[in-house]
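Comments concern the structure below.
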Amino acid sequence: MTTRINIGPVHPSTHGVLRLVADIDGDTVVNLEPHIGFLHRGVEKLVETRMYMQSPPYMEKLDYVAPMSYDEAYVATVEQAMGVEVKERAMWVRTALLELQRIASHLLWLGTMANDVGQFFTLFMWCFKDRDLVLRLLEEASGARMFYVNMRIGGLIRDLPPGFEDRAREALDYIEKRVKEYEDFLEKNPLFMERMKGVGVMDRDMAISLGVTGPVLRGSGVSYDVRKDIPYYVYDKLNFEAQVRSEGDCFARYKVRMLELRESIKLVRNALSKMPAGDALGMQVRLILPSAKNREVRVSRELPRGECMMYMVADPQRPYRLSIRSPTFINLAALGEISKGCKTADIFAILGSLDVVMGDADR
Amino acid sequence: MPTDSLFAIAPIISGYLQLSGTAAAVADTIAYAVAVSILIVAFDYIFGWVERKTIAKIQKRHGPTFAGKYGILQNMADFVKLLSKEHTIPKRADKLLFLTTIPLMLSLSIFLIFLLPFSPTLLETDIGLGLLVIFVLLSFMPLIIFANGFGSGNKFSAISAQRSVIMLLSYEIPLIFVIAAVGVLANGYSISGIIGAQSQWWFVVLMPIGFVVFFVVMLAEMERPPFDIREADNELIAGWLTDVSAPYYTLALFLDYSRMFLGSLLISIIFFGGWSGPFLPPVVWLLLKTFIISFFIMIIRATTVRMRIDRLLRFGWTWLLPLSLLNLILTYLLFIG
Amino acid sequence: MKIERSGLVQGARDLKTRGYSYLVKITAVDYEKYLEVIYTVRNLSERKDETLEVEIDPADAWVPTVMGEFRAADWYERELFEMFGIQVKGRNVERLLLEKWNGKAAPLRKNFTWNAPYETSDNQ
């Protein structure tokens, strides 16, 4: 006999407003269906009614954990539609900022995931503290702590402030040390390994057919990283590896993100040291003429949560249609499939390892 | 006075009757009761504050700072706030079960603390089968939680109730074996006898395996992480406490710390020599040891992740049970045989 | 790659046999005269994307399901129905994807009236 339990939308560990309807038999999950839409704001429709550069604030609210990545993906789409080249220095600065944003996002993920397997907020607090260092850097660069809106057509709203590199290096050194500690803290705990290893296994074929992206896909042994495979900006000039694990369980996804944290730290350092001098300022918003040239634009970006593909049909003045392929949406769609047959407590371990942000899933 | 002989229930009861027969004894008992009650409340209060502060320090936060010096009055403020809130009873709940179980558990855990002597001169409650009585009563707790969980009429509470019984299955038998080993070593189950038997070596030295098993089981018994499976807040919201509203939740918190006190007391009495120690008076020694053990349990809470229920069952039967049996056999061979 | 509605499933199958086994996104654009449904699929080993574009009549808006070829199409097809009012034939959907949405209007079509009142519904 199965029992249907309704988890959420108000629940301690549903990462916002996610509702899960689970049929459980004893302690085993028979069927699980995520219900989404509590945070649906119709962004795709709203964008159609706004001028091009009025939309970045909307884009940032999609993924409130890594707002700058979305902002950048949208602005890059508009740039391609208008046929504008990004300035050389701006490319480097953007790369560094995006990787900093990835570090901040992954740190938050680490804390919440530890919470999901029953850590009493300790790692969560530590990670928040470290994330704050990154946020401080992003604040220096953009002027805001959470929603930056600092991307402009062809560049940025302002260049990096003087002394940014030194402060960034200092913060990154500290974070690198901490990441090592967190890894030890978790992986030397047999209980944690027991909760993660062999749980929520998704093999390579299943991952491909379910269409999951980002660290979840790479955790299942598929090496596909947009930064590596279709390099944008200066990723091809930087030295880094796409992190792949083949187990496909929660631990593999966890490990991929932990390794990505390290890679991102390396990338930022690398980008900061190689950064050329010059001008990084973009066009001011009020100077932008309604001048979209390309009709259809497709831009892929590797966000912290996975690949985002923006498909824009451009009118001269405003987007005729903007379709966002959000990584969380498709990763969450796989949750029901992955958690079939696992234990009730594992639902949350799997959910934590998928790293969902509901604003991103609902759009 | 109670004897140390096994299965001597009758002398215990008669011992009680004799005590209550005289007026002096009644007065003595009341004084003792008041003293112990104050002790329990004080421990719960101080421990609640220390736990908040310590976990905050581990997590690089400040913890309560505003109410009183170092936030010492914060728990008082919470207490007043919780009591002033509305008490709701869910429509689907079985009213009788829902309203009686938490007070019942609280009184049970306090009663069990009353069964423990705090110093060699306060032996009123030292009964011959003391330890056995305590653990028999303690094993009722999960059953009461089971009743409460089903009485709430809530699926999360019901799952929690099921887990409660599964937990009982996984650790109760190892616990009995460890207690048996303690009985073998101390030649009886009276608490003063157990402490007296540790005058030379603490039992933690004599049977380290038994200590480990006992400590793990007590963590589970006290619903402390990593075994807070019943009220796993990430899965079951608050487990069997999901529907419990403010005034009863206050009781539940009180219950939580009382059980903590009881568990730490038992560990310090059975394995760390209880009140024995130089210079300081016995009561102070006992409380000091209890507090250190509680502190240790608190640090475990801040650092570990939760176990899964099926893993706990497996752990109980594949590790705890053989280990406790081994401990019993070793204890018998080394010290008796 | 433009394709007819009747040949969509076959086209998807052909792509899949050529190694395009990863569905990136199903989306649609309302060009008022016609609706265009776009399937983006990817060959993960060659890192190449391919699109299937189907033009359909807004008055008779339906597409066959590609769930048989790509399991990832599940939520995208449901979204297609809720946002564009495009029926997906060949599969049954028990409930709407978005909670509290009655699914009667098609918000991403161009003729959507912004201020029209709509009722929320509690779908199971």
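Here, A, B, ... name the chains of the structure tokens in the order displayed, residue numbers run from 1 inside each chain, and ligands are numbered from 1 in the same displayed order.
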
Inset, instruction - Define the interface residues of chain B facing chain A as those within 12 Å, counting only C-alpha atoms, and report them as a PyMOL selection string. - result: chain B and resi 54-62+154-160+162-163+166+224-238+242+298-312+315

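With only C-alpha atoms taken into account, chain A has His35, Ile36, Gly37, Phe38, Lys45, Ile208, Ser209, Leu210, Gly211, Arg321, Ser323, Arg325 and Ala333 of chain A at most 7 Å from chain C.
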
Inset, instruction - Work out how far atom CA of Leu83 of chain B is from atom CA of Gly71 of chain B, in Å to one decimal. - result: 19.5 Å

Inset, instruction - Can you check which residues of chain C DSSP gives as strand (DSSP E) on the backbone and send them as a ChimeraX atom specification? - result: /C:2-3,22-30,35-43,48-56,62-64,87-89

Legend entry - Shell of 6 Å around Ile24 of chain A, only C-alpha atoms, local chain residues under 3 positions omitted, as a PyMOL selection string: chain A and resi 2-3+28-30

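Ranking A:Leu160, A:Val313, A:Met113, A:Val149 by their shortest atom-to-atom distance to Val356 of chain A, with only C-alpha atoms included, puts A:Met113 first.
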
Inset, instruction - Tell me which protein, DNA and RNA residues are within 7 Å of segment 94-109 of chain B, counting only C-alpha atoms, leaving out same-chain ones fewer than 6 positions away, and put them as a PyMOL selection string. - result: chain B and resi 141+144+147-148+151-152+252+255+258-259

Inset, instruction - Considering only C-alpha atoms, return as a ChimeraX atom specification whatever protein or nucleic-acid residues lie within 10 Å of segment 1-6 of chain C, sequence-local ones (same chain, fewer than 4 positions apart) excluded. - result: /C:10-11,36-39,50-56,62-64

Inset, instruction - Could you give me, as JSON, numbers by chain, the residues within 10 Å of Ile209 of chain B, counting only C-alpha atoms and dropping anything in the same chain fewer than 6 positions from it? - result: {"B": [178, 215, 320, 323, 324, 325, 326, 327, 328, 330]}

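Separating atom CA of Leu261 of chain A from atom CA of Arg305 of chain A is a distance of 12.6 Å.
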
Inset, instruction - Mind checking which residues fall within 9 Å of Met260 of chain B, counting only C-alpha atoms, ignoring those fewer than 5 positions away in the same chain, and posting them as number ranges by chain? - result: B: 44, 219, 222-224, 255, 265, 294, 297
